[in-house]
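Colleague: Just one file: start-v3.pdb, with PDB, C-alpha atoms, pLDDT in the B column.
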ATOM      1  CA  MET A   9     -15.260 -11.787  11.111  1.00 45.00           C
ATOM      2  CA  LYS A  10     -15.638 -14.321  13.958  1.00 38.00           C
ATOM      3  CA  ILE A  11     -13.935 -17.080  11.919  1.00 43.00           C
ATOM      4  CA  ARG A  12     -11.075 -14.756  11.051  1.00 47.00           C
ATOM      5  CA  ARG A  13     -10.531 -13.797  14.701  1.00 44.00           C
ATOM      6  CA  ILE A  14     -10.560 -17.437  15.820  1.00 38.00           C
ATOM      7  CA  ALA A  15      -7.973 -18.252  13.160  1.00 46.00           C
ATOM      8  CA  ALA A  16      -5.994 -15.173  14.153  1.00 45.00           C
ATOM      9  CA  ALA A  17      -5.871 -16.187  17.790  1.00 41.00           C
ATOM     10  CA  ALA A  18      -4.730 -19.699  16.896  1.00 44.00           C
ATOM     11  CA  LEU A  19      -2.003 -18.454  14.599  1.00 47.00           C
ATOM     12  CA  ALA A  20      -0.896 -15.850  17.114  1.00 49.00           C
ATOM     13  CA  LEU A  21      -0.479 -18.588  19.719  1.00 35.00           C
ATOM     14  CA  CYS A  22       1.640 -20.599  17.285  1.00 48.00           C
ATOM     15  CA  PHE A  23       3.811 -17.595  16.523  1.00 46.00           C
ATOM     16  CA  VAL A  24       4.292 -16.763  20.191  1.00 40.00           C
ATOM     17  CA  LEU A  25       5.236 -20.311  21.098  1.00 32.00           C
ATOM     18  CA  GLY A  26       7.561 -20.522  18.106  1.00 44.00           C
ATOM     19  CA  SER A  27       6.922 -24.247  17.876  1.00 41.00           C
ATOM     20  CA  VAL A  28       7.605 -26.003  14.569  1.00 42.00           C
ATOM     21  CA  SER A  29       5.144 -28.732  15.449  1.00 43.00           C
ATOM     22  CA  CYS A  30       2.529 -26.090  16.233  1.00 46.00           C
ATOM     23  CA  ARG A  31       3.053 -24.419  12.853  1.00 42.00           C
ATOM     24  CA  ARG A  32       3.482 -27.567  10.757  1.00 43.00           C
ATOM     25  CA  GLY A  33       1.401 -30.294  12.418  1.00 35.00           C
ATOM     26  CA  SER A  34      -1.790 -31.916  11.198  1.00 28.00           C
ATOM     27  CA  ASP A  35      -4.092 -28.988  11.977  1.00 28.00           C
ATOM     28  CA  GLU A  36      -1.762 -26.235  13.043  1.00 37.00           C
ATOM     29  CA  ASP A  37      -1.004 -24.205   9.938  1.00 75.00           C
ATOM     30  CA  LYS A  38      -3.614 -21.537  10.459  1.00 81.00           C
ATOM     31  CA  GLY A  39      -1.863 -19.225   8.011  1.00 88.00           C
ATOM     32  CA  LEU A  40      -2.478 -21.683   5.185  1.00 92.00           C
ATOM     33  CA  GLU A  41      -6.003 -22.302   6.412  1.00 91.00           C
ATOM     34  CA  TYR A  42      -6.605 -18.548   6.411  1.00 93.00           C
ATOM     35  CA  LEU A  43      -5.340 -18.151   2.824  1.00 95.00           C
ATOM     36  CA  GLU A  44      -7.298 -21.110   1.501  1.00 95.00           C
ATOM     37  CA  GLU A  45     -10.470 -19.832   3.127  1.00 95.00           C
ATOM     38  CA  LYS A  46     -10.003 -16.277   1.867  1.00 97.00           C
ATOM     39  CA  TYR A  47      -8.790 -17.235  -1.639  1.00 98.00           C
ATOM     40  CA  PRO A  48     -10.390 -20.588  -2.535  1.00 96.00           C
ATOM     41  CA  ASP A  49      -9.509 -20.274  -6.230  1.00 96.00           C
ATOM     42  CA  TYR A  50      -5.733 -20.221  -5.611  1.00 97.00           C
ATOM     43  CA  THR A  51      -3.221 -22.841  -4.487  1.00 97.00           C
ATOM     44  CA  PHE A  52      -0.793 -21.940  -1.690  1.00 95.00           C
ATOM     45  CA  THR A  53       2.196 -23.895  -0.402  1.00 93.00           C
ATOM     46  CA  TYR A  54       4.018 -23.219   2.868  1.00 91.00           C
ATOM     47  CA  SER A  55       7.497 -21.796   2.283  1.00 89.00           C
ATOM     48  CA  SER A  56       9.092 -20.520   5.489  1.00 87.00           C
ATOM     49  CA  TYR A  57       8.608 -18.660   8.739  1.00 84.00           C
ATOM     50  CA  GLY A  58      10.505 -15.874  10.449  1.00 80.00           C
ATOM     51  CA  SER A  59      10.061 -12.828  12.688  1.00 78.00           C
ATOM     52  CA  GLY A  60       6.346 -13.406  13.210  1.00 78.00           C
ATOM     53  CA  LEU A  61       5.587 -13.802   9.493  1.00 85.00           C
ATOM     54  CA  ALA A  62       4.720 -16.929   7.532  1.00 88.00           C
ATOM     55  CA  TYR A  63       5.580 -17.102   3.823  1.00 90.00           C
ATOM     56  CA  TYR A  64       3.780 -19.069   1.113  1.00 93.00           C
ATOM     57  CA  GLU A  65       4.266 -19.765  -2.568  1.00 94.00           C
ATOM     58  CA  VAL A  66       1.182 -19.298  -4.750  1.00 95.00           C
ATOM     59  CA  ASP A  67       0.698 -20.957  -8.115  1.00 96.00           C
ATOM     60  CA  GLY A  68       0.881 -18.498 -11.003  1.00 95.00           C
ATOM     61  CA  PHE A  69       2.787 -15.735  -9.192  1.00 93.00           C
ATOM     62  CA  ASP A  70       6.493 -15.117  -8.649  1.00 89.00           C
ATOM     63  CA  SER A  71       6.197 -13.217  -5.362  1.00 89.00           C
ATOM     64  CA  ARG A  72       5.720 -14.972  -2.049  1.00 90.00           C
ATOM     65  CA  VAL A  73       2.600 -14.303  -0.030  1.00 91.00           C
ATOM     66  CA  VAL A  74       3.097 -13.079   3.528  1.00 91.00           C
ATOM     67  CA  VAL A  75       0.712 -13.774   6.409  1.00 91.00           C
ATOM     68  CA  GLY A  76       1.139 -11.973   9.701  1.00 88.00           C
ATOM     69  CA  VAL A  77      -0.759 -11.252  12.902  1.00 79.00           C
ATOM     70  CA  ALA A  78      -1.577  -7.802  14.186  1.00 73.00           C
ATOM     71  CA  GLN A  79      -0.927  -7.841  17.920  1.00 67.00           C
ATOM     72  CA  ASP A  80      -3.570  -5.211  18.707  1.00 67.00           C
ATOM     73  CA  GLU A  81      -6.770  -6.423  20.309  1.00 61.00           C
ATOM     74  CA  PRO A  82      -8.637  -8.190  18.894  1.00 69.00           C
ATOM     75  CA  LEU A  83      -5.906 -10.239  17.205  1.00 71.00           C
ATOM     76  CA  GLU A  84      -6.346 -10.228  13.439  1.00 82.00           C
ATOM     77  CA  LEU A  85      -4.629 -11.836  10.482  1.00 88.00           C
ATOM     78  CA  TYR A  86      -3.438  -9.864   7.508  1.00 92.00           C
ATOM     79  CA  ASP A  87      -1.825 -10.820   4.201  1.00 94.00           C
ATOM     80  CA  ASN A  88      -0.406  -9.216   1.061  1.00 94.00           C
ATOM     81  CA  PHE A  89      -1.795 -11.418  -1.713  1.00 95.00           C
ATOM     82  CA  GLN A  90      -4.225  -8.901  -3.180  1.00 96.00           C
ATOM     83  CA  PHE A  91      -1.375  -6.380  -3.413  1.00 94.00           C
ATOM     84  CA  ILE A  92       0.512  -9.011  -5.414  1.00 94.00           C
ATOM     85  CA  LYS A  93      -2.467 -10.043  -7.540  1.00 95.00           C
ATOM     86  CA  TYR A  94      -3.438  -6.456  -8.408  1.00 96.00           C
ATOM     87  CA  ARG A  95       0.094  -5.043  -8.536  1.00 93.00           C
ATOM     88  CA  ASP A  96      -0.097  -3.503 -12.000  1.00 94.00           C
ATOM     89  CA  GLU A  97      -3.657  -2.237 -11.570  1.00 97.00           C
ATOM     90  CA  ILE A  98      -2.781  -0.584  -8.262  1.00 96.00           C
ATOM     91  CA  VAL A  99       0.228   1.197  -9.769  1.00 95.00           C
ATOM     92  CA  ASP A 100      -1.831   2.379 -12.751  1.00 96.00           C
ATOM     93  CA  ALA A 101      -4.549   3.680 -10.422  1.00 97.00           C
ATOM     94  CA  LEU A 102      -2.067   5.567  -8.249  1.00 97.00           C
ATOM     95  CA  ALA A 103      -0.306   6.994 -11.302  1.00 97.00           C
ATOM     96  CA  ASP A 104      -3.601   8.116 -12.862  1.00 97.00           C
ATOM     97  CA  LEU A 105      -4.682   9.786  -9.626  1.00 98.00           C
ATOM     98  CA  THR A 106      -1.343  11.540  -9.178  1.00 97.00           C
ATOM     99  CA  SER A 107      -1.407  12.616 -12.816  1.00 97.00           C
ATOM    100  CA  GLU A 108      -4.830  14.140 -12.235  1.00 97.00           C
ATOM    101  CA  ILE A 109      -3.460  16.151  -9.314  1.00 98.00           C
ATOM    102  CA  CYS A 110      -0.495  17.195 -11.464  1.00 97.00           C
ATOM    103  CA  SER A 111      -2.781  18.386 -14.235  1.00 97.00           C
ATOM    104  CA  GLN A 112      -4.488  20.713 -11.755  1.00 96.00           C
ATOM    105  CA  VAL A 113      -1.220  22.292 -10.621  1.00 95.00           C
ATOM    106  CA  GLY A 114       0.510  22.548 -13.997  1.00 95.00           C
ATOM    107  CA  ALA A 115       2.968  19.707 -13.326  1.00 96.00           C
ATOM    108  CA  SER A 116       3.699  16.416 -15.075  1.00 96.00           C
ATOM    109  CA  ASP A 117       6.630  14.601 -13.421  1.00 95.00           C
ATOM    110  CA  PHE A 118       6.343  12.750 -10.123  1.00 94.00           C
ATOM    111  CA  ASN A 119       7.635   9.864  -8.031  1.00 92.00           C
ATOM    112  CA  LEU A 120       5.444   7.162  -6.462  1.00 92.00           C
ATOM    113  CA  ASN A 121       6.021   5.034  -3.403  1.00 88.00           C
ATOM    114  CA  PHE A 122       3.741   2.010  -3.371  1.00 89.00           C
ATOM    115  CA  TYR A 123       3.616  -1.347  -1.660  1.00 88.00           C
ATOM    116  CA  GLY A 124       6.437  -3.479  -2.982  1.00 85.00           C
ATOM    117  CA  GLY A 125       8.147  -0.920  -5.174  1.00 86.00           C
ATOM    118  CA  SER A 126       8.466   2.586  -6.527  1.00 88.00           C
ATOM    119  CA  GLY A 127       7.781   4.418  -9.765  1.00 91.00           C
ATOM    120  CA  TRP A 128       8.889   7.464 -11.746  1.00 91.00           C
ATOM    121  CA  MET A 129       6.738   9.424 -14.179  1.00 94.00           C
ATOM    122  CA  ARG A 130       8.925  11.336 -16.626  1.00 92.00           C
ATOM    123  CA  ASP A 131       7.720  12.899 -19.872  1.00 91.00           C
ATOM    124  CA  GLY A 132       4.516  10.877 -19.738  1.00 92.00           C
ATOM    125  CA  GLU A 133       6.256   7.525 -19.246  1.00 94.00           C
ATOM    126  CA  LEU A 134       5.918   5.559 -16.008  1.00 94.00           C
ATOM    127  CA  THR A 135       8.829   3.322 -14.993  1.00 92.00           C
ATOM    128  CA  CYS A 136       8.503   0.982 -12.005  1.00 91.00           C
ATOM    129  CA  GLU A 137      10.714  -1.223  -9.889  1.00 87.00           C
ATOM    130  CA  TYR A 138       9.190  -4.050  -7.804  1.00 85.00           C
ATOM    131  CA  ASN A 139      10.279  -6.038  -4.787  1.00 77.00           C
ATOM    132  CA  MET A 140       7.022  -7.568  -3.617  1.00 70.00           C
ATOM    133  CA  SER A 141       8.283 -10.482  -1.517  1.00 64.00           C
ATOM    134  CA  GLU A 142      10.319  -8.315   0.826  1.00 61.00           C
ATOM    135  CA  GLN A 143       7.365  -6.165   1.865  1.00 67.00           C
ATOM    136  CA  THR A 144       4.512  -6.851   4.261  1.00 71.00           C
ATOM    137  CA  ALA A 145       1.471  -4.786   3.377  1.00 81.00           C
ATOM    138  CA  ARG A 146      -1.471  -5.267   5.700  1.00 89.00           C
ATOM    139  CA  ASP A 147      -4.705  -6.237   3.993  1.00 93.00           C
ATOM    140  CA  TYR A 148      -7.331  -7.069   6.625  1.00 93.00           C
ATOM    141  CA  SER A 149     -10.271  -7.565   4.264  1.00 94.00           C
ATOM    142  CA  ASP A 150     -12.320 -10.697   4.930  1.00 91.00           C
ATOM    143  CA  GLU A 151     -12.524 -12.010   1.379  1.00 94.00           C
ATOM    144  CA  ASP A 152     -11.065 -12.057  -2.102  1.00 97.00           C
ATOM    145  CA  LEU A 153     -12.194  -8.723  -3.532  1.00 98.00           C
ATOM    146  CA  SER A 154     -12.473  -7.407  -7.058  1.00 98.00           C
ATOM    147  CA  PHE A 155      -9.962  -4.671  -7.859  1.00 98.00           C
ATOM    148  CA  GLU A 156     -12.597  -1.943  -7.501  1.00 98.00           C
ATOM    149  CA  GLU A 157     -13.718  -3.355  -4.151  1.00 98.00           C
ATOM    150  CA  PHE A 158     -10.121  -3.653  -2.984  1.00 98.00           C
ATOM    151  CA  MET A 159      -9.344  -0.012  -3.764  1.00 98.00           C
ATOM    152  CA  ALA A 160     -12.532   1.076  -1.988  1.00 98.00           C
ATOM    153  CA  SER A 161     -11.959  -1.019   1.148  1.00 97.00           C
ATOM    154  CA  PRO A 162     -10.590   0.639   4.303  1.00 97.00           C
ATOM    155  CA  ASP A 163      -9.365  -2.809   5.392  1.00 96.00           C
ATOM    156  CA  ALA A 164      -6.966  -2.943   2.433  1.00 96.00           C
ATOM    157  CA  PHE A 165      -4.690  -0.256   3.929  1.00 94.00           C
ATOM    158  CA  ASN A 166      -3.869   1.246   0.544  1.00 95.00           C
ATOM    159  CA  GLU A 167      -1.667   4.339   0.540  1.00 95.00           C
ATOM    160  CA  LEU A 168      -1.089   7.269  -1.805  1.00 95.00           C
ATOM    161  CA  VAL A 169       2.488   8.513  -1.376  1.00 93.00           C
ATOM    162  CA  ALA A 170       4.009  10.725  -4.055  1.00 93.00           C
ATOM    163  CA  VAL A 171       6.456  13.536  -4.779  1.00 92.00           C
ATOM    164  CA  ILE A 172       5.439  16.080  -7.427  1.00 94.00           C
ATOM    165  CA  TYR A 173       7.907  18.353  -9.163  1.00 94.00           C
ATOM    166  CA  VAL A 174       6.736  21.949  -9.702  1.00 95.00           C
ATOM    167  CA  GLU A 175       8.715  24.781 -11.202  1.00 94.00           C
ATOM    168  CA  ASP A 176       8.094  27.216  -8.344  1.00 94.00           C
ATOM    169  CA  ALA A 177       6.706  25.852  -5.091  1.00 90.00           C
ATOM    170  CA  GLU A 178       6.378  29.336  -3.613  1.00 90.00           C
ATOM    171  CA  ALA A 179       3.827  30.266  -6.280  1.00 93.00           C
ATOM    172  CA  TYR A 180       1.137  27.979  -4.804  1.00 94.00           C
ATOM    173  CA  ASP A 181      -1.392  28.636  -2.094  1.00 95.00           C
ATOM    174  CA  LEU A 182      -1.443  25.706   0.326  1.00 96.00           C
ATOM    175  CA  ASP A 183      -5.199  25.835   0.842  1.00 96.00           C
ATOM    176  CA  ASP A 184      -5.709  25.632  -2.923  1.00 96.00           C
ATOM    177  CA  LEU A 185      -3.259  22.733  -3.194  1.00 97.00           C
ATOM    178  CA  ALA A 186      -5.012  20.891  -0.382  1.00 98.00           C
ATOM    179  CA  GLN A 187      -8.405  21.279  -2.044  1.00 98.00           C
ATOM    180  CA  ILE A 188      -7.037  19.928  -5.327  1.00 98.00           C
ATOM    181  CA  ILE A 189      -5.758  16.820  -3.520  1.00 98.00           C
ATOM    182  CA  ILE A 190      -8.960  16.381  -1.521  1.00 98.00           C
ATOM    183  CA  ASP A 191     -11.166  16.675  -4.614  1.00 98.00           C
ATOM    184  CA  ALA A 192      -9.017  14.229  -6.590  1.00 98.00           C
ATOM    185  CA  VAL A 193      -9.070  11.627  -3.809  1.00 98.00           C
ATOM    186  CA  ASP A 194     -12.826  12.046  -3.321  1.00 97.00           C
ATOM    187  CA  ASP A 195     -13.537  11.713  -7.048  1.00 97.00           C
ATOM    188  CA  SER A 196     -11.388   8.579  -7.327  1.00 97.00           C
ATOM    189  CA  GLY A 197     -13.649   6.527  -5.075  1.00 97.00           C
ATOM    190  CA  TYR A 198     -10.550   4.956  -3.495  1.00 98.00           C
ATOM    191  CA  VAL A 199     -10.019   4.640   0.251  1.00 98.00           C
ATOM    192  CA  PHE A 200      -6.494   5.333   1.451  1.00 97.00           C
ATOM    193  CA  HIS A 201      -5.050   4.727   4.884  1.00 95.00           C
ATOM    194  CA  ILE A 202      -2.498   7.496   4.285  1.00 95.00           C
ATOM    195  CA  VAL A 203      -2.233  10.283   1.741  1.00 96.00           C
ATOM    196  CA  ARG A 204       1.135  12.026   1.623  1.00 94.00           C
ATOM    197  CA  ILE A 205       2.167  14.231  -1.275  1.00 94.00           C
ATOM    198  CA  ASP A 206       5.368  16.284  -1.275  1.00 91.00           C
ATOM    199  CA  PHE A 207       5.989  19.213  -3.602  1.00 93.00           C
ATOM    200  CA  THR A 208       9.489  20.217  -4.644  1.00 91.00           C
ATOM    201  CA  ASP A 209      11.075  22.645  -7.089  1.00 93.00           C
ATOM    202  CA  ASN A 210      14.619  21.353  -6.580  1.00 89.00           C
ATOM    203  CA  ALA A 211      15.148  20.173 -10.162  1.00 88.00           C
ATOM    204  CA  ASP A 212      18.624  18.735  -9.631  1.00 84.00           C
ATOM    205  CA  GLU A 213      17.711  16.559  -6.691  1.00 80.00           C
ATOM    206  CA  PHE A 214      14.422  15.489  -8.245  1.00 85.00           C
ATOM    207  CA  ALA A 215      16.224  14.467 -11.441  1.00 80.00           C
ATOM    208  CA  GLY A 216      18.621  12.371  -9.367  1.00 73.00           C
ATOM    209  CA  THR A 217      15.837  10.189  -7.987  1.00 71.00           C
ATOM    210  CA  VAL A 218      15.289   8.280 -11.244  1.00 64.00           C
ATOM    211  CA  ASP A 219      16.457   4.647 -10.913  1.00 59.00           C
ATOM    212  CA  ARG A 220      18.030   5.453  -7.550  1.00 56.00           C
ATOM    213  CA  ARG A 221      15.485   6.403  -4.906  1.00 57.00           C
ATOM    214  CA  PRO A 222      11.909   7.719  -4.983  1.00 56.00           C
ATOM    215  CA  THR A 223      12.286  10.071  -2.022  1.00 62.00           C
ATOM    216  CA  VAL A 224      13.053  13.766  -2.381  1.00 59.00           C
ATOM    217  CA  TYR A 225      14.524  15.155   0.812  1.00 64.00           C
ATOM    218  CA  ASP A 226      14.506  18.808  -0.222  1.00 71.00           C
ATOM    219  CA  TYR A 227      10.745  19.243  -0.607  1.00 79.00           C
ATOM    220  CA  GLN A 228       9.119  22.623   0.030  1.00 87.00           C
ATOM    221  CA  TYR A 229       5.717  21.402   1.201  1.00 91.00           C
ATOM    222  CA  SER A 230       4.399  18.064   2.376  1.00 92.00           C
ATOM    223  CA  PHE A 231       0.659  17.329   2.558  1.00 96.00           C
ATOM    224  CA  TYR A 232      -0.412  14.592   4.999  1.00 95.00           C
ATOM    225  CA  ALA A 233      -3.845  13.144   5.776  1.00 97.00           C
ATOM    226  CA  GLU A 234      -5.456  10.006   7.121  1.00 97.00           C
ATOM    227  CA  PRO A 235      -8.830   9.742   5.346  1.00 97.00           C
ATOM    228  CA  ASP A 236     -11.873   8.273   7.071  1.00 97.00           C
ATOM    229  CA  ASP A 237     -13.300   4.829   6.275  1.00 96.00           C
ATOM    230  CA  ASP A 238     -15.278   6.297   3.373  1.00 96.00           C
ATOM    231  CA  GLY A 239     -12.129   7.746   1.837  1.00 97.00           C
ATOM    232  CA  HIS A 240     -12.935  11.371   2.657  1.00 97.00           C
ATOM    233  CA  ILE A 241     -10.193  13.687   3.874  1.00 97.00           C
ATOM    234  CA  THR A 242     -11.696  15.620   6.769  1.00 95.00           C
ATOM    235  CA  ASP A 243      -8.441  16.730   8.366  1.00 97.00           C
ATOM    236  CA  TYR A 244      -4.951  17.306   7.014  1.00 98.00           C
ATOM    237  CA  SER A 245      -1.678  19.036   7.793  1.00 97.00           C
ATOM    238  CA  TRP A 246       1.154  20.709   5.915  1.00 96.00           C
ATOM    239  CA  SER A 247       4.786  20.562   6.878  1.00 91.00           C
ATOM    240  CA  GLU A 248       7.625  22.592   5.430  1.00 84.00           C
ATOM    241  CA  ALA A 249      11.188  21.386   5.025  1.00 71.00           C
TER     242      ALA A 249
END
Any chance you could give the structure as structure tokens?
Modeller:
Amino acid sequence: MKIRRIAAAALALCFVLGSVSCRRGSDEDKGLEYLEEKYPDYTFTYSSYGSGLAYYEVDGFDSRVVVGVAQDEPLELYDNFQFIKYRDEIVDALADLTSEICSQVGASDFNLNFYGGSGWMRDGELTCEYNMSEQTARDYSDEDLSFEEFMASPDAFNELVAVIYVEDAEAYDLDDLAQIIIDAVDDSGYVFHIVRIDFTDNADEFAGTVDRRPTVYDYQYSFYAEPDDDGHITDYSWSEA
């Protein structure tokens, strides 16, 4: 942790000064140093810099890696490489978890919002669109984690954001729905920074989200929670459109 904060402070100073020589001199590229220390088995190459973010190419992957600095005290570095490396596994995990919730409420179709893309489950088939390099997820973990460790780490800032289509939203008790979500998240063993699940019975609008946008604006209920560092949902709220 101390090494990461020292590197964070150095990189933050470079970003604030905006100096090319500071970022690209003999010992100034703290973003690259940070990546090489955290992921010693991968090769990174500096690509560009802009708006407080440094971009790197990584051998074996199409998407660029982003390194940024959180300006809260203490200053800390974050990156998105593990979201890139585990992209497919993360989507599968989120889809499986959402499908489990659906099975408990008699639903099957849903939309997913995830880091770097979106997905649509229709008739048991998941379709995804990705745009990893344009996103800046914040993974603050100290080391290169296994997928299971990554999904269980509060520092990874994973999120579960979905819209579930139900035939009649009015037929559900909100307390029962909340307990279904809480139990599913607890049983998954994953730690999420945010859990938001909307429920809608507007079939026409929901059908129009495929290949166009994952968001349903005419939802009936929206569940929102920020689980604790162990992944448990101890407090939540419902909003109605």
Colleague: On this file, the PyMOL selection byres ((chain A and resi 117) around 10) gives some set of residues; write that set as a list in words.
Modeller: Thr106, Ser107, Cys110, Ala115, Ser116, Phe118, Asn119, Trp128, Met129, Arg130, Asp131, Gly132, Glu133, Leu134, Val171, Ile172, Tyr173, Val174, Phe214 and Ala215 of chain A
Colleague: Rank A:Asp70, A:Glu65, A:Asp209, A:Glu44 by their smallest atom-to-atom distance to A:Met140, using all atoms listed in the file, and report the top residue only.
Modeller: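 Residue with the minimum atom-to-atom distance to A:Met140: A:Asp70.
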Colleague: For stretch 198-208 of chain A, list every protein, DNA or RNA residue within 8 Å, evaluated using all atoms listed in the file, and leave out those in the same chain fewer than 2 positions away; present the list as an mmCIF file with C-alpha atoms, in the coordinates of the input.
Modeller:
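Below is the file result.cif, written as the result:
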data_model
loop_
_atom_site.group_PDB
_atom_site.id
_atom_site.type_symbol
_atom_site.label_atom_id
_atom_site.label_comp_id
_atom_site.auth_asym_id
_atom_site.auth_seq_id
_atom_site.Cartn_x
_atom_site.Cartn_y
_atom_site.Cartn_z
ATOM 1 C CA MET A 159 -9.344 -0.012 -3.764
ATOM 2 C CA ALA A 160 -12.532 1.076 -1.988
ATOM 3 C CA SER A 161 -11.959 -1.019 1.148
ATOM 4 C CA PRO A 162 -10.590 0.639 4.303
ATOM 5 C CA PHE A 165 -4.690 -0.256 3.929
ATOM 6 C CA ASN A 166 -3.869 1.246 0.544
ATOM 7 C CA GLU A 167 -1.667 4.339 0.540
ATOM 8 C CA LEU A 168 -1.089 7.269 -1.805
ATOM 9 C CA VAL A 169 2.488 8.513 -1.376
ATOM 10 C CA ALA A 170 4.009 10.725 -4.055
ATOM 11 C CA VAL A 171 6.456 13.536 -4.779
ATOM 12 C CA ILE A 172 5.439 16.080 -7.427
ATOM 13 C CA TYR A 173 7.907 18.353 -9.163
ATOM 14 C CA VAL A 174 6.736 21.949 -9.702
ATOM 15 C CA ALA A 177 6.706 25.852 -5.091
ATOM 16 C CA VAL A 193 -9.070 11.627 -3.809
ATOM 17 C CA ASP A 194 -12.826 12.046 -3.321
ATOM 18 C CA SER A 196 -11.388 8.579 -7.327
ATOM 19 C CA ASN A 210 14.619 21.353 -6.580
ATOM 20 C CA ALA A 211 15.148 20.173 -10.162
ATOM 21 C CA PHE A 214 14.422 15.489 -8.245
ATOM 22 C CA VAL A 224 13.053 13.766 -2.381
ATOM 23 C CA ASP A 226 14.506 18.808 -0.222
ATOM 24 C CA TYR A 227 10.745 19.243 -0.607
ATOM 25 C CA GLN A 228 9.119 22.623 0.030
ATOM 26 C CA TYR A 229 5.717 21.402 1.201
ATOM 27 C CA SER A 230 4.399 18.064 2.376
ATOM 28 C CA PHE A 231 0.659 17.329 2.558
ATOM 29 C CA TYR A 232 -0.412 14.592 4.999
ATOM 30 C CA ALA A 233 -3.845 13.144 5.776
ATOM 31 C CA GLU A 234 -5.456 10.006 7.121
ATOM 32 C CA PRO A 235 -8.830 9.742 5.346
ATOM 33 C CA ASP A 236 -11.873 8.273 7.071
ATOM 34 C CA ASP A 237 -13.300 4.829 6.275
ATOM 35 C CA ASP A 238 -15.278 6.297 3.373
ATOM 36 C CA GLY A 239 -12.129 7.746 1.837
ATOM 37 C CA HIS A 240 -12.935 11.371 2.657
#
Colleague: Which residue out of A:Glu151, A:Ala145, A:Leu102, A:Arg72 has the minimum interatomic distance to A:Asp49 when all atoms listed in the file are used?
Modeller: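 Using all atoms listed in the file, the shortest distance to A:Asp49 belongs to A:Glu151.
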Colleague: Atom CA of A:Gly197 and atom CA of A:Ile109 are how many Å apart?
Modeller: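 These atoms are spaced 14.6 Å apart.
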Colleague: As an exercise, work out the distance from atom CA of A:Lys38 to atom CA of A:Phe69 in Å and give it to one decimal place.
Modeller: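 Computing the Euclidean distance for atom CA of A:Lys38 and atom CA of A:Phe69 yields 21.5 Å.
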Colleague: If we count all atoms listed in the file, what is near A:Phe155 at a cut-off of 9 Å, once residues fewer than 3 positions away on the same chain are taken out, given as a PDB file with C-alpha atoms, in the frame of the given file?
Modeller:
ATOM      1  CA  GLN A  90      -4.225  -8.901  -3.180  1.00 96.00           C
ATOM      2  CA  TYR A  94      -3.438  -6.456  -8.408  1.00 96.00           C
ATOM      3  CA  GLU A  97      -3.657  -2.237 -11.570  1.00 97.00           C
ATOM      4  CA  ILE A  98      -2.781  -0.584  -8.262  1.00 96.00           C
ATOM      5  CA  PHE A 158     -10.121  -3.653  -2.984  1.00 98.00           C
ATOM      6  CA  MET A 159      -9.344  -0.012  -3.764  1.00 98.00           C
ATOM      7  CA  ALA A 160     -12.532   1.076  -1.988  1.00 98.00           C
TER       8      ALA A 160
END
Colleague: Rank A:Asp100, A:Glu213, A:Asp67, A:Glu156 by their smallest atom-to-atom distance to A:Thr53, using all atoms listed in the file, and report the top residue only.
Modeller: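 Selected residue with least distance to A:Thr53: A:Asp67.
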Colleague: If you measure from atom CA of A:Lys93 to atom CA of A:Tyr57, what distance in Å do you get, rounded to one decimal?
Modeller: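 Distance between the two atoms: 21.5 Å.
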Colleague: Looking at only C-alpha atoms, which of A:Gln112, A:Thr144, A:Gln187, A:Ser247 is the one that sits closest to A:Ser59?
Modeller: A:Thr144
Colleague: The centre and edge lengths of an axis-aligned box containing all atoms of stretch 192-207 of chain A present in the file, extended by 6 Å on each side, are to be given in Å to one decimal, as JSON.
Modeller:
{"center_x": -3.8, "center_y": 11.9, "center_z": -1.2, "size_x": 31.6, "size_y": 26.6, "size_z": 24.2}
Colleague: Just want the 10 Å neighbourhood of A:Ser55, counted on all atoms listed in the file, with same-chain residues fewer than 6 positions away dropped. Output as a list in words.
Modeller: Ala62, Tyr63, Tyr64, Glu65, Val66, Arg72, Val73 and Val74 of chain A
Colleague: Pick out the residues sitting within 8 Å of stretch 179-185 of chain A, and hand them over as a list in words; count only C-alpha atoms, and ignore anything fewer than 4 positions along from it in its own chain.
Modeller: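 In the requested format, the answer is Val113, Ile189 and Trp246 of chain A.
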Colleague: Looking at all atoms listed in the file, which of A:Glu178, A:Asp191, A:Gly125, A:Ile92 is the one that sits closest to A:Ile241?
Modeller: A:Asp191
Colleague: Skipping near chain neighbours, those fewer than 5 positions away, what residues fall within 8 Å of A:Ser149 using all atoms listed in the file, listed as a PyMOL selection string?
Modeller: chain A and resi 86+161+163-164
